[in-house]
$ cat input33.csv   # CSV, C-alpha atoms and all ligand atoms
chain,number,residue,atom,x,y,z
A,1184,MET,CA,-13.9,12.3,-11.9
A,1185,THR,CA,-14.4,11.1,-8.3
A,1186,SER,CA,-14.4,14.2,-6.2
A,1187,ASP,CA,-13.2,12.4,-3.1
A,1188,VAL,CA,-9.8,11.7,-4.6
A,1189,GLU,CA,-7.1,14.3,-5.4
A,1190,VAL,CA,-5.5,13.1,-8.7
A,1191,VAL,CA,-1.9,14.2,-9.2
A,1192,VAL,CA,-0.5,13.5,-12.7
A,1193,VAL,CA,3.2,13.8,-13.4
A,1194,PRO,CA,5.2,13.2,-16.6
A,1195,ASP,CA,6.8,9.8,-15.9
A,1196,ALA,CA,7.4,7.0,-13.4
A,1197,GLU,CA,10.5,8.7,-11.9
A,1198,ALA,CA,8.5,11.9,-11.1
A,1199,ALA,CA,5.7,9.8,-9.6
A,1200,ALA,CA,8.2,8.0,-7.4
A,1201,ARG,CA,9.7,11.3,-6.3
A,1202,ASP,CA,6.2,12.7,-5.5
A,1203,VAL,CA,5.4,9.7,-3.3
A,1204,ALA,CA,8.9,9.8,-1.7
A,1205,GLU,CA,8.3,13.4,-0.6
A,1206,ARG,CA,5.0,12.4,0.9
A,1207,LEU,CA,6.6,9.5,2.8
A,1208,VAL,CA,9.4,11.8,4.0
A,1209,ALA,CA,6.9,14.4,5.2
A,1210,ALA,CA,5.1,11.7,7.2
A,1211,ALA,CA,8.4,10.4,8.6
A,1212,ARG,CA,9.3,13.8,9.8
A,1213,ARG,CA,5.9,14.2,11.5
A,1214,GLY,CA,6.4,10.8,13.0
A,1215,GLY,CA,3.8,8.1,13.5
A,1216,HIS,CA,2.5,5.0,11.7
A,1217,ILE,CA,3.0,4.4,8.0
A,1218,ALA,CA,1.6,1.4,6.1
A,1219,PHE,CA,3.9,0.5,3.1
A,1220,SER,CA,2.7,-1.2,-0.1
A,1221,GLY,CA,4.3,-4.1,-1.7
A,1222,GLY,CA,4.6,-5.1,-5.4
A,1223,SER,CA,7.3,-3.7,-7.7
A,1224,THR,CA,6.2,-0.1,-8.3
A,1225,PRO,CA,7.1,1.5,-4.9
A,1226,ARG,CA,10.8,0.4,-4.8
A,1227,ARG,CA,12.0,3.6,-6.5
A,1228,ALA,CA,9.9,5.7,-4.2
A,1229,TYR,CA,11.4,4.0,-1.1
A,1230,GLN,CA,14.9,4.5,-2.5
A,1231,LEU,CA,14.4,8.2,-3.1
A,1232,ALA,CA,12.6,8.6,0.3
A,1233,VAL,CA,15.6,7.3,2.3
A,1234,GLU,CA,18.0,9.4,0.2
A,1235,LEU,CA,16.0,12.4,1.1
A,1236,GLU,CA,15.6,11.6,4.8
A,1237,PRO,CA,18.0,9.3,6.7
A,1238,ASP,CA,16.1,9.5,10.0
A,1239,TRP,CA,13.1,7.2,10.2
A,1240,SER,CA,13.4,6.6,13.9
A,1241,ARG,CA,10.0,8.2,14.6
A,1242,VAL,CA,8.2,5.9,12.3
A,1243,ASP,CA,6.3,2.6,13.0
A,1244,ALA,CA,6.4,0.8,9.6
A,1245,TRP,CA,3.6,-1.7,8.7
A,1246,LEU,CA,2.8,-3.6,5.6
A,1247,GLY,CA,-0.6,-3.0,4.1
A,1248,ASP,CA,-0.4,-6.6,2.9
A,1249,GLU,CA,2.1,-9.5,2.9
A,1250,ARG,CA,2.6,-12.6,0.9
A,1251,CYS,CA,2.8,-15.7,3.1
A,1252,VAL,CA,6.4,-16.5,2.3
A,1253,PRO,CA,9.6,-16.4,4.5
A,1254,PRO,CA,10.7,-12.8,5.1
A,1255,ASP,CA,13.8,-13.2,3.0
A,1256,ASP,CA,11.9,-14.6,0.0
A,1257,GLU,CA,12.1,-12.2,-2.9
A,1258,ARG,CA,8.3,-12.1,-3.0
A,1259,ALA,CA,8.1,-10.8,0.6
A,1260,ASN,CA,6.8,-7.3,0.9
A,1261,VAL,CA,8.8,-6.8,4.1
A,1262,ARG,CA,12.0,-7.7,2.2
A,1263,LEU,CA,11.3,-4.7,-0.2
A,1264,LEU,CA,11.0,-2.4,2.9
A,1265,ARG,CA,14.1,-3.8,4.5
A,1266,GLU,CA,16.2,-3.6,1.3
A,1267,THR,CA,15.3,0.1,0.8
A,1268,ILE,CA,14.2,2.2,3.8
A,1269,VAL,CA,15.6,0.0,6.6
A,1270,ALA,CA,18.9,-0.6,4.8
A,1271,GLY,CA,19.4,3.0,3.7
A,1272,ALA,CA,18.3,4.7,6.9
A,1273,GLY,CA,20.8,6.1,9.4
A,1274,ALA,CA,18.1,5.6,12.0
A,1275,PRO,CA,15.6,2.9,10.8
A,1276,PRO,CA,11.9,2.7,11.6
A,1277,VAL,CA,10.4,0.1,13.9
A,1278,VAL,CA,9.2,-2.5,11.5
A,1279,HIS,CA,6.0,-4.5,12.2
A,1280,PRO,CA,6.2,-7.6,10.0
A,1281,VAL,CA,3.5,-10.1,9.5
A,1282,ASP,CA,4.6,-13.4,11.1
A,1283,THR,CA,4.5,-15.6,8.0
A,1284,ALA,CA,5.8,-18.6,9.9
A,1285,LEU,CA,2.3,-18.9,11.2
A,1286,LEU,CA,-0.8,-20.1,9.4
A,1287,PRO,CA,-2.4,-17.1,7.5
A,1288,ASP,CA,-5.4,-16.9,9.8
A,1289,GLU,CA,-3.2,-16.9,12.9
A,1290,ALA,CA,-0.8,-14.3,11.4
A,1291,ALA,CA,-3.8,-12.1,10.5
A,1292,GLY,CA,-5.2,-12.4,14.0
A,1293,LEU,CA,-1.9,-11.3,15.5
A,1294,TYR,CA,-1.6,-8.4,13.0
A,1295,HIS,CA,-5.2,-7.4,13.9
A,1296,ALA,CA,-4.3,-7.4,17.6
A,1297,ALA,CA,-1.2,-5.3,17.0
A,1298,LEU,CA,-3.1,-2.8,14.9
A,1299,ILE,CA,-5.8,-2.0,17.5
A,1300,GLY,CA,-5.5,1.7,18.4
A,1301,VAL,CA,-3.1,2.5,15.5
A,1302,GLY,CA,-4.1,5.4,13.3
A,1303,PHE,CA,-2.0,5.8,10.2
A,1304,GLU,CA,-0.3,9.0,9.3
A,1305,LEU,CA,0.0,7.7,5.7
A,1306,VAL,CA,-1.1,4.5,3.9
A,1307,LEU,CA,0.6,3.8,0.6
A,1308,LEU,CA,-1.2,1.5,-1.8
A,1309,GLY,CA,-0.6,0.1,-5.2
A,1310,LEU,CA,-3.1,-1.0,-7.9
A,1311,GLY,CA,-3.3,-4.4,-9.5
A,1312,SER,CA,-4.5,-4.7,-13.1
A,1313,ASP,CA,-7.6,-6.6,-11.8
A,1314,GLY,CA,-8.5,-3.7,-9.5
A,1315,HIS,CA,-7.1,-5.1,-6.3
A,1316,THR,CA,-5.2,-3.0,-3.7
A,1317,ALA,CA,-3.3,-4.4,-0.8
A,1318,SER,CA,-4.5,-8.0,-1.0
A,1319,LEU,CA,-8.2,-7.0,-1.3
A,1320,PHE,CA,-9.1,-8.8,-4.5
A,1321,PRO,CA,-12.3,-8.4,-6.6
A,1322,ASP,CA,-15.4,-9.7,-4.9
A,1323,ALA,CA,-13.4,-11.3,-2.1
A,1324,PRO,CA,-14.9,-11.9,1.4
A,1325,ALA,CA,-12.2,-9.6,2.8
A,1326,LEU,CA,-14.1,-6.7,1.3
A,1327,ASP,CA,-17.0,-7.2,3.7
A,1328,GLU,CA,-14.9,-7.2,6.8
A,1329,ARG,CA,-16.0,-4.5,9.2
A,1330,GLU,CA,-14.4,-5.5,12.5
A,1331,ALA,CA,-11.0,-7.2,11.9
A,1332,LEU,CA,-8.1,-4.9,10.9
A,1333,ALA,CA,-6.3,-7.7,9.1
A,1334,VAL,CA,-7.5,-10.9,7.6
A,1335,ALA,CA,-6.1,-13.8,5.6
A,1336,ALA,CA,-6.8,-13.7,1.9
A,1337,GLU,CA,-6.5,-15.8,-1.2
A,1338,PRO,CA,-4.5,-14.4,-4.1
A,1339,GLY,CA,-6.3,-13.3,-7.2
A,1340,LEU,CA,-3.1,-12.7,-9.2
A,1341,GLU,CA,0.5,-13.7,-9.1
A,1342,PRO,CA,2.3,-14.4,-6.9
A,1343,PHE,CA,-0.2,-17.2,-6.1
A,1344,VAL,CA,0.6,-17.5,-2.4
A,1345,GLU,CA,-1.7,-16.8,0.4
A,1346,ARG,CA,-1.8,-13.3,1.8
A,1347,VAL,CA,-2.5,-11.4,4.9
A,1348,THR,CA,-4.1,-8.0,4.2
A,1349,MET,CA,-5.2,-5.0,6.1
A,1350,THR,CA,-8.9,-4.5,5.7
A,1351,ILE,CA,-10.8,-1.4,4.6
A,1352,PRO,CA,-11.5,-0.3,8.2
A,1353,ALA,CA,-7.7,-0.4,8.9
A,1354,LEU,CA,-6.6,1.3,5.7
A,1355,SER,CA,-9.2,4.0,5.8
A,1356,THR,CA,-8.1,5.4,9.2
A,1357,ALA,CA,-5.2,7.1,7.5
A,1358,GLN,CA,-4.7,10.9,7.5
A,1359,GLU,CA,-3.5,10.4,4.0
A,1360,VAL,CA,-4.2,7.4,1.7
A,1361,VAL,CA,-1.8,7.6,-1.3
A,1362,PHE,CA,-2.2,5.4,-4.4
A,1363,LEU,CA,0.7,5.0,-6.7
A,1364,ALA,CA,0.3,3.7,-10.2
A,1365,VAL,CA,2.4,4.1,-13.3
A,1366,GLY,CA,2.4,2.7,-16.8
A,1367,ALA,CA,-0.1,2.2,-19.6
A,1368,ASP,CA,-1.1,-1.3,-18.3
A,1369,LYS,CA,-2.6,0.5,-15.2
A,1370,ALA,CA,-4.7,3.0,-17.3
A,1371,ASP,CA,-7.9,0.8,-17.3
A,1372,VAL,CA,-7.8,0.1,-13.6
A,1373,VAL,CA,-7.0,3.7,-12.8
A,1374,ARG,CA,-10.1,4.8,-14.6
A,1375,ARG,CA,-12.2,2.2,-12.7
A,1376,ALA,CA,-10.7,3.0,-9.3
A,1377,PHE,CA,-10.9,6.8,-9.5
A,1378,ALA,CA,-13.4,7.8,-12.2
A,1379,GLU,CA,-16.2,5.3,-11.9
A,1380,PRO,CA,-18.6,4.5,-9.0
A,1381,PRO,CA,-17.3,2.4,-6.1
A,1382,SER,CA,-17.5,-1.3,-6.9
A,1383,ARG,CA,-16.6,-4.6,-5.3
A,1384,SER,CA,-15.2,-5.6,-8.7
A,1385,THR,CA,-12.6,-2.8,-8.3
A,1386,PRO,CA,-11.5,-3.0,-4.6
A,1387,ALA,CA,-9.3,0.1,-5.0
A,1388,SER,CA,-12.5,2.1,-5.5
A,1389,LEU,CA,-13.6,1.2,-2.0
A,1390,VAL,CA,-10.6,2.4,-0.1
A,1391,ARG,CA,-10.8,6.1,0.9
A,1392,ALA,CA,-9.5,8.0,3.9
A,1393,VAL,CA,-12.7,8.6,6.0
A,1394,SER,CA,-11.4,11.7,7.8
A,1395,GLY,CA,-8.3,12.5,5.8
A,1396,THR,CA,-7.3,12.9,2.2
A,1397,THR,CA,-7.0,10.4,-0.6
A,1398,VAL,CA,-4.5,11.0,-3.3
A,1399,ALA,CA,-3.7,9.2,-6.6
A,1400,VAL,CA,-0.2,9.8,-7.9
A,1401,LEU,CA,-0.1,8.8,-11.5
A,1402,ASP,CA,2.2,9.1,-14.5
A,1403,ARG,CA,0.7,10.3,-17.8
A,1404,ALA,CA,0.4,6.8,-19.1
A,1405,ALA,CA,-1.5,5.5,-16.1
A,1406,ALA,CA,-3.8,8.6,-16.2
A,1407,ALA,CA,-4.5,8.2,-19.9
A,1408,GLN,CA,-8.1,7.0,-19.6
A,1409,LEU,CA,-9.2,9.5,-17.0
A,1410,PRO,CA,-11.9,11.9,-18.2
B,1,LIG,C1,1.0,-7.1,-3.2
B,1,LIG,C2,0.6,-5.7,-3.2
B,1,LIG,C3,-0.3,-5.3,-4.3
B,1,LIG,C4,0.4,-4.4,-5.2
B,1,LIG,C5,-0.3,-4.3,-6.6
B,1,LIG,C6,0.6,-3.6,-7.6
B,1,LIG,O1,1.6,-7.5,-2.2
B,1,LIG,O2,0.9,-7.7,-4.2
B,1,LIG,O3,0.7,-4.9,-2.1
B,1,LIG,O4,-1.5,-4.7,-3.9
B,1,LIG,O5,0.5,-3.1,-4.7
B,1,LIG,O6,-0.4,-5.7,-7.0
B,1,LIG,O7,1.8,-4.3,-7.8
B,1,LIG,P1,2.9,-3.7,-8.8
B,1,LIG,O8,3.5,-2.5,-8.2
B,1,LIG,O9,3.9,-4.8,-8.8
B,1,LIG,O10,2.2,-3.5,-10.1
$ encode --input "input33.csv" --output "structure tokens" --more "lines below"
Ligand code: 6PG
Amino acid sequence: MTSDVEVVVVPDAEAAARDVAERLVAAARRGGHIAFSGGSTPRRAYQLAVELEPDWSRVDAWLGDERCVPPDDERANVRLLRETIVAGAGAPPVVHPVDTALLPDEAAGLYHAALIGVGFELVLLGLGSDGHTASLFPDAPALDEREALAVAAEPGLEPFVERVTMTIPALSTAQEVVFLAVGADKADVVRRAFAEPPSRSTPASLVRAVSGTTVAVLDRAAAAQLP
């Protein structure tokens, strides 16, 4: 097992969502910058988080990655955040969306500029079945980025729309990097990300908090192939 990651295994997806919701709430109460993940898995965690804590006014909310679609498109990660935490909060966070009306390179450049000086209290990440996290896809040039905090990226999986993604230098500033993965179809990638040596073919294995903690919150099915 990779010793730089604390692995938390809970019985099912609902318990995993609750664990992550509690971590988000703790970060929201401390106040500061949080990077939210997209995809489908975190929706329940966001719903529970805003039920547990209505006051998100001390939070600056960012997207670890975004699909280059209009903000009201059902594939937009910002839409997930707006439908859950923003809609449910008595006092919403300040949201920092990626400007997807721009070309991806321009949008990434603006996101990079906005991120200068930001240190994340918490970065939440998902895991794709190909090993990607945020929109850092296997063997992609974005994995080599050492200066820019956000870059444009080509999708490696559905939805096949261009992306803007935070880079490893941006994500790894977090006090707490939290991966959330549930379900048997994530078991293989969970093993590659957390129990095998870091590899460009599994980008999630390359993202670790450099001066904080990295946690993987998994249900039993997702953890099934861990040693
Ligand atoms: C995205 C993501 C991505 C996601 C994983 C897992 O915008 O596509 O942020 O990294 O977290 O693909 O997605 P699911 O939760 O839908 O399995």
$ residues_around --input "input33.csv" --residues "stretch 1393-1396 of chain A" --least-positions-apart "2" --cutoff "7 Å" --atoms "all atoms listed in the file" --output "PyMOL selection string"
chain A and resi 1355-1360+1391+1398
$ atom_distance --input "input33.csv" --atom1 "atom CA of A:Gly1271" --atom2 "atom CA of A:Val1208"
13.3 Å
$ residues_near_ligand --input "input33.csv" --ligand "ligand LIG 1 (chain B)" --cutoff "7 Å" --atoms "all atoms listed in the file" --output "ChimeraX atom specification"
/A:1220-1225,1247-1250,1260,1308-1311,1315-1318
$ write_last_selection --input "input33.csv" --atoms "C-alpha atoms" --output "PDB file, keeping the file's coordinate frame"
ATOM      1  CA  SER A1220       2.700  -1.200  -0.100  1.00  0.00           C
ATOM      2  CA  GLY A1221       4.300  -4.100  -1.700  1.00  0.00           C
ATOM      3  CA  GLY A1222       4.600  -5.100  -5.400  1.00  0.00           C
ATOM      4  CA  SER A1223       7.300  -3.700  -7.700  1.00  0.00           C
ATOM      5  CA  THR A1224       6.200  -0.100  -8.300  1.00  0.00           C
ATOM      6  CA  PRO A1225       7.100   1.500  -4.900  1.00  0.00           C
ATOM      7  CA  GLY A1247      -0.600  -3.000   4.100  1.00  0.00           C
ATOM      8  CA  ASP A1248      -0.400  -6.600   2.900  1.00  0.00           C
ATOM      9  CA  GLU A1249       2.100  -9.500   2.900  1.00  0.00           C
ATOM     10  CA  ARG A1250       2.600 -12.600   0.900  1.00  0.00           C
ATOM     11  CA  ASN A1260       6.800  -7.300   0.900  1.00  0.00           C
ATOM     12  CA  LEU A1308      -1.200   1.500  -1.800  1.00  0.00           C
ATOM     13  CA  GLY A1309      -0.600   0.100  -5.200  1.00  0.00           C
ATOM     14  CA  LEU A1310      -3.100  -1.000  -7.900  1.00  0.00           C
ATOM     15  CA  GLY A1311      -3.300  -4.400  -9.500  1.00  0.00           C
ATOM     16  CA  HIS A1315      -7.100  -5.100  -6.300  1.00  0.00           C
ATOM     17  CA  THR A1316      -5.200  -3.000  -3.700  1.00  0.00           C
ATOM     18  CA  ALA A1317      -3.300  -4.400  -0.800  1.00  0.00           C
ATOM     19  CA  SER A1318      -4.500  -8.000  -1.000  1.00  0.00           C
TER      20      SER A1318
END
$ atom_distance --input "input33.csv" --atom1 "atom CA of A:Leu1363" --atom2 "atom CA of A:Val1400"
5.0 Å
$ residues_around --input "input33.csv" --residues "A:Leu1298" --least-positions-apart "2" --cutoff "10 Å" --atoms "all atoms listed in the file" --output "VMD selection string"
chain A and resid 1245 1279 1292 to 1296 1300 to 1303 1331 to 1333 1349 1353
$ closest_residue --input "input33.csv" --among "A:Val1344, A:Val1365, A:Arg1213, A:Asp1402" --to "A:Asp1256" --atoms "all atoms listed in the file"
A:Val1344
$ residues_around --input "input33.csv" --residues "A:Ala1199" --least-positions-apart "2" --cutoff "9 Å" --atoms "all atoms listed in the file" --output "JSON, numbers by chain"
{"A": [1191, 1192, 1193, 1194, 1195, 1196, 1197, 1201, 1202, 1203, 1204, 1228, 1363, 1364, 1365, 1400, 1401, 1402]}
$ residues_around --input "input33.csv" --residues "A:Pro1381" --least-positions-apart "5" --cutoff "12 Å" --atoms "all atoms listed in the file" --output "ChimeraX atom specification"
/A:1184-1185,1187,1314,1321,1374-1376,1386-1391
$ write_last_selection --input "input33.csv" --atoms "C-alpha atoms" --output "CSV table (one decimal), in the coordinates of the input"
chain,number,residue,atom,x,y,z
A,1184,MET,CA,-13.9,12.3,-11.9
A,1185,THR,CA,-14.4,11.1,-8.3
A,1187,ASP,CA,-13.2,12.4,-3.1
A,1314,GLY,CA,-8.5,-3.7,-9.5
A,1321,PRO,CA,-12.3,-8.4,-6.6
A,1374,ARG,CA,-10.1,4.8,-14.6
A,1375,ARG,CA,-12.2,2.2,-12.7
A,1376,ALA,CA,-10.7,3.0,-9.3
A,1386,PRO,CA,-11.5,-3.0,-4.6
A,1387,ALA,CA,-9.3,0.1,-5.0
A,1388,SER,CA,-12.5,2.1,-5.5
A,1389,LEU,CA,-13.6,1.2,-2.0
A,1390,VAL,CA,-10.6,2.4,-0.1
A,1391,ARG,CA,-10.8,6.1,0.9
$ residues_around --input "input33.csv" --residues "A:Val1334" --least-positions-apart "2" --cutoff "6 Å" --atoms "all atoms listed in the file" --output "PyMOL selection string"
chain A and resi 1291+1347-1348
$ atom_distance --input "input33.csv" --atom1 "atom CA of A:Arg1346" --atom2 "atom CA of A:Pro1324"
13.2 Å
$ closest_residue --input "input33.csv" --among "A:Glu1205, A:Glu1337, A:Val1261, A:Gly1214" --to "A:Glu1234" --atoms "all atoms listed in the file"
A:Glu1205
$ decode --input "input33.csv" --residues "stretch 1196-1218 of chain A" --atoms "N, CA and C atoms" --output "mmCIF file, in the first residue's frame"
data_model
loop_
_atom_site.group_PDB
_atom_site.id
_atom_site.type_symbol
_atom_site.label_atom_id
_atom_site.label_comp_id
_atom_site.auth_asym_id
_atom_site.auth_seq_id
_atom_site.Cartn_x
_atom_site.Cartn_y
_atom_site.Cartn_z
ATOM 1 N N ALA A 1196 -21.600 3.358 -0.901
ATOM 2 C CA ALA A 1196 -21.461 4.675 -1.539
ATOM 3 C C ALA A 1196 -22.042 5.792 -0.667
ATOM 4 N N GLU A 1197 -23.135 5.500 0.018
ATOM 5 C CA GLU A 1197 -23.743 6.521 0.866
ATOM 6 C C GLU A 1197 -22.797 6.903 2.017
ATOM 7 N N ALA A 1198 -22.154 5.919 2.600
ATOM 8 C CA ALA A 1198 -21.210 6.206 3.686
ATOM 9 C C ALA A 1198 -19.993 6.973 3.157
ATOM 10 N N ALA A 1199 -19.569 6.665 1.938
ATOM 11 C CA ALA A 1199 -18.449 7.396 1.356
ATOM 12 C C ALA A 1199 -18.838 8.858 1.106
ATOM 13 N N ALA A 1200 -20.053 9.060 0.613
ATOM 14 C CA ALA A 1200 -20.521 10.435 0.386
ATOM 15 C C ALA A 1200 -20.582 11.196 1.712
ATOM 16 N N ARG A 1201 -21.033 10.517 2.759
ATOM 17 C CA ARG A 1201 -21.127 11.183 4.065
ATOM 18 C C ARG A 1201 -19.740 11.537 4.599
ATOM 19 N N ASP A 1202 -18.795 10.630 4.449
ATOM 20 C CA ASP A 1202 -17.432 10.909 4.907
ATOM 21 C C ASP A 1202 -16.874 12.141 4.199
ATOM 22 N N VAL A 1203 -17.047 12.181 2.888
ATOM 23 C CA VAL A 1203 -16.523 13.317 2.120
ATOM 24 C C VAL A 1203 -17.288 14.594 2.468
ATOM 25 N N ALA A 1204 -18.604 14.477 2.661
ATOM 26 C CA ALA A 1204 -19.398 15.647 3.038
ATOM 27 C C ALA A 1204 -18.867 16.241 4.346
ATOM 28 N N GLU A 1205 -18.545 15.388 5.293
ATOM 29 C CA GLU A 1205 -18.043 15.888 6.578
ATOM 30 C C GLU A 1205 -16.691 16.576 6.413
ATOM 31 N N ARG A 1206 -15.855 16.071 5.520
ATOM 32 C CA ARG A 1206 -14.567 16.731 5.265
ATOM 33 C C ARG A 1206 -14.781 18.093 4.605
ATOM 34 N N LEU A 1207 -15.736 18.153 3.665
ATOM 35 C CA LEU A 1207 -16.036 19.440 3.008
ATOM 36 C C LEU A 1207 -16.577 20.439 4.023
ATOM 37 N N VAL A 1208 -17.450 19.970 4.896
ATOM 38 C CA VAL A 1208 -18.039 20.862 5.908
ATOM 39 C C VAL A 1208 -16.958 21.377 6.857
ATOM 40 N N ALA A 1209 -16.058 20.508 7.270
ATOM 41 C CA ALA A 1209 -14.978 20.953 8.162
ATOM 42 C C ALA A 1209 -14.149 22.044 7.473
ATOM 43 N N ALA A 1210 -13.870 21.842 6.195
ATOM 44 C CA ALA A 1210 -13.100 22.855 5.452
ATOM 45 C C ALA A 1210 -13.904 24.143 5.314
ATOM 46 N N ALA A 1211 -15.210 24.019 5.068
ATOM 47 C CA ALA A 1211 -16.051 25.220 4.917
ATOM 48 C C ALA A 1211 -16.097 26.008 6.225
ATOM 49 N N ARG A 1212 -16.103 25.302 7.335
ATOM 50 C CA ARG A 1212 -16.140 26.002 8.633
ATOM 51 C C ARG A 1212 -14.811 26.691 8.923
ATOM 52 N N ARG A 1213 -13.710 26.076 8.486
ATOM 53 C CA ARG A 1213 -12.408 26.749 8.656
ATOM 54 C C ARG A 1213 -12.339 27.965 7.737
ATOM 55 N N GLY A 1214 -12.988 27.850 6.577
ATOM 56 C CA GLY A 1214 -12.963 28.920 5.584
ATOM 57 C C GLY A 1214 -11.740 28.786 4.694
ATOM 58 N N GLY A 1215 -11.865 29.260 3.458
ATOM 59 C CA GLY A 1215 -10.737 29.207 2.539
ATOM 60 C C GLY A 1215 -11.147 28.673 1.186
ATOM 61 N N HIS A 1216 -10.156 28.227 0.461
ATOM 62 C CA HIS A 1216 -10.363 27.797 -0.921
ATOM 63 C C HIS A 1216 -10.585 26.284 -0.993
ATOM 64 N N ILE A 1217 -11.616 25.892 -1.723
ATOM 65 C CA ILE A 1217 -11.900 24.472 -1.947
ATOM 66 C C ILE A 1217 -12.019 24.254 -3.445
ATOM 67 N N ALA A 1218 -11.354 23.206 -3.947
ATOM 68 C CA ALA A 1218 -11.530 22.809 -5.354
ATOM 69 C C ALA A 1218 -12.458 21.601 -5.390
#
